[in-house]
Amino acid sequence: MPSMLAPHLPSGRIRGVTAVAEAGCKRLEARELACVRGDRRLFADISFSLGAGELLHVAGPNGSGKTTLLRMVCGLVRPVRGEVRWGGRPIGRLGEEYLRRVTHVGHANAIKDDLTCRENLLVSTTLSGAPADPGRLRMALERMGLSGVEALPTKLLSQGQKRRLALARLPLADTPLWILDEPFTALDSGAVKAIRSMLEEHLDRGGMVVLTTHQDVPVDARVRKRLEMHP
Amino acid sequence: MRADRFGWSRYAAPTNFYPLAGRLIPWFAAPAIVLTLVGLYLGFFVAPTDFRQGEAYRIIFIHVPAAWMSMWIYVCMAVYAGVGLVFNTRLSSMMAGALAPTGALFTFLALWTGSLWGKPMWGTWWVWDARLTSELVLLFLYVGVMALTASIDDPRRADRASGLLALVGVINVPIIYFSVQWWNTLHQGASLSPSGGSRMATSMLMAMLVMTLAFWMYSFVAVFMRVRCIILERERYVDWARELAGQER
Amino acid sequence: MSGAGAMGAVRCVLRRDLTLAMRQRADLLTTLFFFIIVVSLFPLGIGPEMDTLRTLGPGVLWVAALLASMLSLGRLFASDYADGTLEQMLVSPQPLSLLVVGKVLAHWLSAGAPLVLIAPVLGLQFAMPVEGSKVLVASLLLGTPVLSLIGAIGAALTLGVRGGGVLVALLVLPLYVPVLIFGAGAVEATMSGLGAEGHLSLLAAFLVLALCFSPWATATALRISMD
């Protein structure tokens, strides 16, 4: 079955393929999500459905609740009404089983200033449950163009480099669902290209991506869905 | 569900509880006033004079019921908080929030009357009695819950955070109480109680029970009035609440 | 496999926090010096008679340790909350309670353990006898982890809230009372000739109770705060 989904990948990546392949049977669904922040109703009646190889672009002006929606899909925020489902079951009930299938890169880079790039990546990989061998870490850093600075404490890096480090954990994560909040901010064209090819590879293998961005999403996906949020 | 046969569960919605609470208030206010008068009469006129402490001890009829209520209300608050956290019901969290100030009031009353008692007995305005010290710590717990609710802007997060704090507190209240008991006996501190140990004249016990009941009725009145305000505040963007607020003004 | 993954993640969080504490040594030392300064303030306020100070010694040392421990709670979750690492811990498949245990252990090692080590030296300022010092160390060793565990709940509830440090104090100090009573009580009991086994066993019981409930309560509080 893996060979049917991704015939062109070398056999060394079989493990990655299997993890993503199994996601091919499961869909991410949101039904009538509503959110209240303080006294304000942030959004209501948001529904979407996402399957393997599909990309969901959440668009809308500032303050329309895009970040909150993404956090809801991660399980960080409980919706006032509606629910998010994975494979037909609510994520609240799935708990760890669902989180094992998710990699989230938020607005904040989630890196500690006083740790080096390598140490930061090691921590995030271990937390996600993936094996953290130094070879894979080095490859991920190389791919994101950070091989020269991997032993530097991250407080010495530029904004763009920090963002690249935050995204470096994506290829290591090996999960079917990627939830990205403004991944292209602060990145130069070289980095944008690298992220693009990473996203396209992931989608080809049957993964799913939910992302928000103000720019036009330069990613080539089999199915691209767009969700407009209104404040 | 048997309870549902009478349609009780519909009162779990704030919208429906609001008028019910309003109708119940007079039914608790009347007994509260009557019982207070009876209790005060029993305590200040009927109960015998204590041979050791004279008339001054009579403040016990306010001090002890207030202390009992302060602890009972904390337990109730913790139960509502727990229900609100587990079942995610809005009204339970609102009730917990409405109970806190009344509980704090009784705690303060217990402390104040304790101090008034201590002055004629020991000559000082404060005595590190086991009960007074536990009441002091209980006051801090109440203030903590109220301060946390006041500091968090988002009402949902405020409810859940102070609910969790109330639950953590309720587990600690017995531990704190017994620690302070132990601390007090070891240091052989003062003890506020009428003469002799546990044998109390029946009339004294009656007076205390009546006052406790009176305070309990009062609590219902105060808490129901407060929870109605909270419901109005929280649901203010819902049409019925806006209408009601407009009418009552 | 998930069991090994969880323990590996706890060790990772522990190592990470200890590394960060080592690289930001200033925080560590300020807590320690706060403890030393507060303890030294009491004789200045009370007077230099050794007898009075000997009686007050256990209480003063314990209250100062309590305050120092509480002051350091701000560090526990605040920076992780600010840079997004806390969010990642909530989204990770590892059980949050275990990750919390790792963080609290690292916090105790960097903030509580130094207090335990320096307390006997400060006891000398209060003419504390040797047996008293030994029990002081034992009681602090059992008590300061409980303070960190209970304090973690307060720190988690007040994440990003105004009134930060003082509010945590208000929430957490009443809960510290039993630990204070038995901790200081243990030393006083030893100094007056009675045994301290009862007190120390109660402190140990508090530690076990806190270890069972606090990580779960802290994890719940973190989820509430991140909502």
# chains A, B, ... in the order shown; residues from 1 in each chain; ligands from 1

$ residues_around --residues "Gly198 (chain C)" --least-positions-apart "4" --cutoff "10 Å" --atoms "only C-alpha atoms" --output "MDAnalysis selection string"
chainID C and resid 182 185:186 189 202:204

$ closest_atom_pairs --of "chain B" --to "chain A" --cutoff "10 Å" --atoms "only C-alpha atoms" --output "tab-separated table"
residue	atom	partner	partner_atom	distance
B:Asp153	CA	A:Gly38	CA	7.1
B:Asp154	CA	A:Gly38	CA	4.6
B:Pro155	CA	A:Gly38	CA	6.2
B:Arg156	CA	A:Gly38	CA	7.6
B:Arg157	CA	A:Gly38	CA	9.0
B:Arg234	CA	A:Asp39	CA	8.0
B:Glu235	CA	A:Asp39	CA	9.0
B:Arg236	CA	A:Asp39	CA	8.8
B:Tyr237	CA	A:Asp39	CA	7.9

$ residues_around --residues "Ser179 (chain B)" --least-positions-apart "5" --cutoff "10 Å" --atoms "only C-alpha atoms" --output "CSV table (one decimal) with N, CA and C atoms, in the first residue's frame"
chain,number,residue,atom,x,y,z
B,130,ALA,N,-6.9,28.7,67.9
B,130,ALA,CA,-6.9,27.8,66.7
B,130,ALA,C,-8.0,28.2,65.7
B,134,SER,N,-7.4,29.8,61.9
B,134,SER,CA,-7.9,29.1,60.7
B,134,SER,C,-8.8,30.0,60.0
B,173,VAL,N,-8.2,23.1,53.1
B,173,VAL,CA,-8.9,23.6,54.3
B,173,VAL,C,-8.8,22.6,55.5
B,174,PRO,N,-9.1,21.4,55.3
B,174,PRO,CA,-9.0,20.5,56.5
B,174,PRO,C,-7.5,20.4,56.9
B,184,ASN,N,-1.6,25.2,67.8
B,184,ASN,CA,-2.1,26.0,68.9
B,184,ASN,C,-2.0,25.2,70.2
C,177,VAL,N,0.7,27.4,54.6
C,177,VAL,CA,0.7,27.4,56.0
C,177,VAL,C,1.0,26.1,56.7
C,178,PRO,N,0.4,25.0,56.3
C,178,PRO,CA,0.7,23.7,57.0
C,178,PRO,C,2.2,23.3,56.9
C,179,VAL,N,2.8,23.6,55.7
C,179,VAL,CA,4.2,23.2,55.5
C,179,VAL,C,5.0,24.1,56.5
C,180,LEU,N,4.7,25.3,56.6
C,180,LEU,CA,5.4,26.2,57.5
C,180,LEU,C,5.3,25.7,59.0
C,181,ILE,N,4.1,25.4,59.4
C,181,ILE,CA,3.8,25.0,60.7
C,181,ILE,C,4.6,23.8,61.1
C,182,PHE,N,4.6,22.8,60.2
C,182,PHE,CA,5.4,21.6,60.6
C,182,PHE,C,6.8,21.7,60.3

$ interface_residues --of "chain C" --to "chain A" --cutoff "12 Å" --atoms "only C-alpha atoms" --output "number ranges by chain"
C: 1-25, 79-96, 98-99, 220, 222-227

$ write_last_selection --atoms "N, CA and C atoms" --output "short mmCIF file (atom, residue, chain, number, x, y, z; two decimals), in the first residue's frame"
data_model
loop_
_atom_site.label_atom_id
_atom_site.label_comp_id
_atom_site.auth_asym_id
_atom_site.auth_seq_id
_atom_site.Cartn_x
_atom_site.Cartn_y
_atom_site.Cartn_z
N MET C 1 6.30 1.77 24.13
CA MET C 1 7.08 2.79 23.41
C MET C 1 6.68 4.17 23.91
N SER C 2 5.38 4.37 24.21
CA SER C 2 4.97 5.69 24.67
C SER C 2 5.56 5.95 26.04
N GLY C 3 5.73 4.90 26.86
CA GLY C 3 6.30 5.10 28.20
C GLY C 3 7.71 5.63 28.10
N ALA C 4 8.52 4.98 27.25
CA ALA C 4 9.90 5.43 27.09
C ALA C 4 9.92 6.83 26.53
N GLY C 5 9.02 7.11 25.58
CA GLY C 5 8.95 8.44 24.99
C GLY C 5 8.64 9.49 26.04
N ALA C 6 7.70 9.17 26.96
CA ALA C 6 7.31 10.15 27.97
C ALA C 6 8.47 10.44 28.91
N MET C 7 9.14 9.36 29.40
CA MET C 7 10.26 9.58 30.33
C MET C 7 11.38 10.33 29.64
N GLY C 8 11.61 10.01 28.37
CA GLY C 8 12.64 10.72 27.61
C GLY C 8 12.30 12.20 27.51
N ALA C 9 11.00 12.49 27.32
CA ALA C 9 10.59 13.89 27.20
C ALA C 9 10.77 14.61 28.54
N VAL C 10 10.46 13.93 29.65
CA VAL C 10 10.64 14.55 30.97
C VAL C 10 12.11 14.87 31.20
N ARG C 11 12.96 13.89 30.88
CA ARG C 11 14.40 14.11 31.05
C ARG C 11 14.86 15.27 30.19
N CYS C 12 14.29 15.34 28.97
CA CYS C 12 14.67 16.41 28.05
C CYS C 12 14.28 17.77 28.63
N VAL C 13 13.05 17.87 29.16
CA VAL C 13 12.60 19.15 29.73
C VAL C 13 13.45 19.51 30.95
N LEU C 14 13.75 18.50 31.77
CA LEU C 14 14.57 18.73 32.96
C LEU C 14 15.93 19.28 32.56
N ARG C 15 16.55 18.60 31.58
CA ARG C 15 17.87 19.00 31.14
C ARG C 15 17.84 20.40 30.54
N ARG C 16 16.78 20.66 29.76
CA ARG C 16 16.66 21.96 29.12
C ARG C 16 16.57 23.07 30.16
N ASP C 17 15.69 22.88 31.15
CA ASP C 17 15.51 23.93 32.16
C ASP C 17 16.76 24.12 33.00
N LEU C 18 17.46 23.03 33.33
CA LEU C 18 18.68 23.16 34.11
C LEU C 18 19.75 23.88 33.29
N THR C 19 19.83 23.55 31.99
CA THR C 19 20.80 24.24 31.13
C THR C 19 20.51 25.73 31.09
N LEU C 20 19.21 26.08 30.94
CA LEU C 20 18.85 27.49 30.90
C LEU C 20 19.17 28.17 32.23
N ALA C 21 18.90 27.46 33.34
CA ALA C 21 19.19 28.05 34.65
C ALA C 21 20.69 28.31 34.80
N MET C 22 21.50 27.36 34.30
CA MET C 22 22.95 27.53 34.39
C MET C 22 23.43 28.70 33.55
N ARG C 23 22.78 28.89 32.39
CA ARG C 23 23.23 29.96 31.51
C ARG C 23 22.72 31.32 31.93
N GLN C 24 21.72 31.33 32.83
CA GLN C 24 21.21 32.61 33.31
C GLN C 24 21.41 32.64 34.81
N ARG C 25 22.63 32.41 35.22
CA ARG C 25 22.91 32.20 36.64
C ARG C 25 22.44 33.34 37.52
N SER C 79 8.62 32.76 31.07
CA SER C 79 9.37 32.94 29.83
C SER C 79 8.92 31.94 28.77
N ASP C 80 8.55 30.73 29.19
CA ASP C 80 8.04 29.76 28.21
C ASP C 80 6.73 30.24 27.61
N TYR C 81 5.92 30.92 28.43
CA TYR C 81 4.67 31.44 27.95
C TYR C 81 4.92 32.53 26.91
N ALA C 82 5.92 33.37 27.20
CA ALA C 82 6.19 34.50 26.31
C ALA C 82 6.75 34.07 24.96
N ASP C 83 7.66 33.07 24.93
CA ASP C 83 8.27 32.75 23.64
C ASP C 83 7.61 31.58 22.92
N GLY C 84 6.49 31.09 23.43
CA GLY C 84 5.75 30.08 22.68
C GLY C 84 6.13 28.65 22.98
N THR C 85 7.14 28.42 23.81
CA THR C 85 7.54 27.03 24.10
C THR C 85 6.49 26.33 24.94
N LEU C 86 5.79 27.09 25.78
CA LEU C 86 4.75 26.46 26.60
C LEU C 86 3.62 25.92 25.72
N GLU C 87 3.29 26.71 24.70
CA GLU C 87 2.25 26.28 23.75
C GLU C 87 2.64 24.96 23.12
N GLN C 88 3.92 24.83 22.75
CA GLN C 88 4.39 23.59 22.14
C GLN C 88 4.26 22.42 23.10
N MET C 89 4.47 22.68 24.39
CA MET C 89 4.33 21.58 25.36
C MET C 89 2.88 21.14 25.45
N LEU C 90 1.96 22.09 25.30
CA LEU C 90 0.55 21.72 25.37
C LEU C 90 0.11 20.95 24.13
N VAL C 91 0.76 21.24 23.00
CA VAL C 91 0.37 20.57 21.76
C VAL C 91 1.13 19.26 21.59
N SER C 92 2.14 19.04 22.43
CA SER C 92 2.91 17.81 22.26
C SER C 92 2.11 16.61 22.77
N PRO C 93 2.35 15.41 22.18
CA PRO C 93 1.62 14.23 22.63
C PRO C 93 2.05 13.72 24.00
N GLN C 94 3.14 14.27 24.57
CA GLN C 94 3.57 13.79 25.88
C GLN C 94 2.61 14.30 26.95
N PRO C 95 2.37 13.49 28.01
CA PRO C 95 1.44 13.93 29.05
C PRO C 95 1.95 15.20 29.73
N LEU C 96 1.08 16.21 29.78
CA LEU C 96 1.50 17.51 30.29
C LEU C 96 1.91 17.44 31.76
N LEU C 98 3.48 15.13 33.30
CA LEU C 98 4.86 14.68 33.44
C LEU C 98 5.83 15.79 33.06
N LEU C 99 5.51 16.54 32.01
CA LEU C 99 6.38 17.64 31.62
C LEU C 99 6.45 18.65 32.76
N THR C 220 -3.87 21.27 34.46
CA THR C 220 -5.21 21.82 34.21
C THR C 220 -5.16 23.34 34.21
N LEU C 222 -2.64 25.23 33.49
CA LEU C 222 -1.98 25.70 32.27
C LEU C 222 -2.94 25.70 31.10
N ARG C 223 -3.75 24.63 31.00
CA ARG C 223 -4.71 24.58 29.88
C ARG C 223 -5.72 25.70 30.01
N ILE C 224 -6.16 25.99 31.24
CA ILE C 224 -7.12 27.08 31.44
C ILE C 224 -6.48 28.40 31.04
N SER C 225 -5.22 28.59 31.39
CA SER C 225 -4.58 29.87 31.10
C SER C 225 -4.28 30.07 29.63
N MET C 226 -4.11 28.96 28.89
CA MET C 226 -3.75 29.08 27.50
C MET C 226 -4.98 29.10 26.60
N ASP C 227 -6.15 29.04 27.19
CA ASP C 227 -7.36 28.97 26.41
C ASP C 227 -7.58 30.26 25.62
#

$ closest_residue --among "A:Leu177, A:Ile91, A:Leu28, A:Ala151" --to "Arg205 (chain A)" --atoms "only C-alpha atoms"
A:Leu177

$ select_by_dssp --residues "region 8-223 of chain B" --states "helix (DSSP H, G or I)" --output "PyMOL selection string"
chain B and resi 8-12+14-46+55-87+90-122+130-151+155-186+202-223

$ interface_residues --of "chain B" --to "chain C" --cutoff "8 Å" --atoms "only C-alpha atoms" --output "ChimeraX atom specification"
/B:137-138,140-141,143-145,147-148,151-152,157,160-161,164,168-169,172,175-176,179-180,183

$ write_last_selection --atoms "N, CA and C atoms" --output "PDB file, in the first residue's frame"
ATOM      1  N   VAL B 137      -6.742  32.351  57.865  1.00  0.00           N
ATOM      2  CA  VAL B 137      -6.227  31.714  56.648  1.00  0.00           C
ATOM      3  C   VAL B 137      -7.361  31.504  55.644  1.00  0.00           C
ATOM      4  N   LEU B 138      -8.561  31.155  56.157  1.00  0.00           N
ATOM      5  CA  LEU B 138      -9.703  30.973  55.259  1.00  0.00           C
ATOM      6  C   LEU B 138     -10.046  32.288  54.563  1.00  0.00           C
ATOM      7  N   PHE B 140      -7.939  34.606  53.786  1.00  0.00           N
ATOM      8  CA  PHE B 140      -6.947  34.778  52.721  1.00  0.00           C
ATOM      9  C   PHE B 140      -7.305  33.926  51.507  1.00  0.00           C
ATOM     10  N   LEU B 141      -7.812  32.714  51.745  1.00  0.00           N
ATOM     11  CA  LEU B 141      -8.198  31.858  50.621  1.00  0.00           C
ATOM     12  C   LEU B 141      -9.332  32.499  49.827  1.00  0.00           C
ATOM     13  N   VAL B 143     -10.104  35.715  49.713  1.00  0.00           N
ATOM     14  CA  VAL B 143      -9.600  36.909  49.034  1.00  0.00           C
ATOM     15  C   VAL B 143      -8.815  36.501  47.789  1.00  0.00           C
ATOM     16  N   GLY B 144      -8.047  35.413  47.902  1.00  0.00           N
ATOM     17  CA  GLY B 144      -7.299  34.924  46.745  1.00  0.00           C
ATOM     18  C   GLY B 144      -8.215  34.598  45.588  1.00  0.00           C
ATOM     19  N   VAL B 145      -9.303  33.865  45.867  1.00  0.00           N
ATOM     20  CA  VAL B 145     -10.238  33.502  44.797  1.00  0.00           C
ATOM     21  C   VAL B 145     -10.841  34.750  44.175  1.00  0.00           C
ATOM     22  N   ALA B 147      -9.620  37.818  44.203  1.00  0.00           N
ATOM     23  CA  ALA B 147      -8.600  38.600  43.510  1.00  0.00           C
ATOM     24  C   ALA B 147      -8.294  37.998  42.145  1.00  0.00           C
ATOM     25  N   LEU B 148      -8.237  36.665  42.088  1.00  0.00           N
ATOM     26  CA  LEU B 148      -7.946  36.018  40.811  1.00  0.00           C
ATOM     27  C   LEU B 148      -9.059  36.301  39.804  1.00  0.00           C
ATOM     28  N   SER B 151      -8.717  39.763  38.522  1.00  0.00           N
ATOM     29  CA  SER B 151      -7.539  40.098  37.723  1.00  0.00           C
ATOM     30  C   SER B 151      -7.599  39.587  36.299  1.00  0.00           C
ATOM     31  N   ILE B 152      -8.437  38.607  36.025  1.00  0.00           N
ATOM     32  CA  ILE B 152      -8.475  38.030  34.680  1.00  0.00           C
ATOM     33  C   ILE B 152      -9.618  38.661  33.907  1.00  0.00           C
ATOM     34  N   ARG B 157     -12.244  32.399  31.306  1.00  0.00           N
ATOM     35  CA  ARG B 157     -10.985  31.970  31.897  1.00  0.00           C
ATOM     36  C   ARG B 157     -10.981  32.287  33.383  1.00  0.00           C
ATOM     37  N   ARG B 160     -12.981  29.619  35.301  1.00  0.00           N
ATOM     38  CA  ARG B 160     -12.321  28.316  35.395  1.00  0.00           C
ATOM     39  C   ARG B 160     -11.086  28.394  36.280  1.00  0.00           C
ATOM     40  N   ALA B 161     -10.339  29.496  36.188  1.00  0.00           N
ATOM     41  CA  ALA B 161      -9.137  29.623  37.016  1.00  0.00           C
ATOM     42  C   ALA B 161      -9.503  29.705  38.494  1.00  0.00           C
ATOM     43  N   LEU B 164     -10.665  26.353  39.789  1.00  0.00           N
ATOM     44  CA  LEU B 164      -9.591  25.423  40.111  1.00  0.00           C
ATOM     45  C   LEU B 164      -8.941  25.813  41.435  1.00  0.00           C
ATOM     46  N   VAL B 168      -8.525  23.525  44.803  1.00  0.00           N
ATOM     47  CA  VAL B 168      -7.248  23.287  45.479  1.00  0.00           C
ATOM     48  C   VAL B 168      -7.359  23.722  46.933  1.00  0.00           C
ATOM     49  N   GLY B 169      -8.042  24.868  47.158  1.00  0.00           N
ATOM     50  CA  GLY B 169      -8.224  25.368  48.508  1.00  0.00           C
ATOM     51  C   GLY B 169      -9.020  24.414  49.375  1.00  0.00           C
ATOM     52  N   ASN B 172      -7.171  21.780  50.854  1.00  0.00           N
ATOM     53  CA  ASN B 172      -6.243  22.258  51.866  1.00  0.00           C
ATOM     54  C   ASN B 172      -6.908  22.689  53.149  1.00  0.00           C
ATOM     55  N   ILE B 175      -6.611  20.326  55.990  1.00  0.00           N
ATOM     56  CA  ILE B 175      -5.195  20.208  56.358  1.00  0.00           C
ATOM     57  C   ILE B 175      -4.773  21.433  57.160  1.00  0.00           C
ATOM     58  N   ILE B 176      -5.178  22.622  56.663  1.00  0.00           N
ATOM     59  CA  ILE B 176      -4.829  23.848  57.362  1.00  0.00           C
ATOM     60  C   ILE B 176      -5.460  23.855  58.746  1.00  0.00           C
ATOM     61  N   SER B 179      -3.608  21.494  61.048  1.00  0.00           N
ATOM     62  CA  SER B 179      -2.260  21.983  61.335  1.00  0.00           C
ATOM     63  C   SER B 179      -2.320  23.084  62.381  1.00  0.00           C
ATOM     64  N   VAL B 180      -3.283  24.006  62.191  1.00  0.00           N
ATOM     65  CA  VAL B 180      -3.385  25.132  63.117  1.00  0.00           C
ATOM     66  C   VAL B 180      -3.822  24.647  64.496  1.00  0.00           C
ATOM     67  N   TRP B 183      -0.800  23.254  66.089  1.00  0.00           N
ATOM     68  CA  TRP B 183       0.132  24.334  66.400  1.00  0.00           C
ATOM     69  C   TRP B 183      -0.313  25.063  67.646  1.00  0.00           C
TER      70      TRP B 183
END

$ atom_distance --atom1 "CA of Trp108 (chain C)" --atom2 "CA of Val121 (chain C)"
19.8 Å
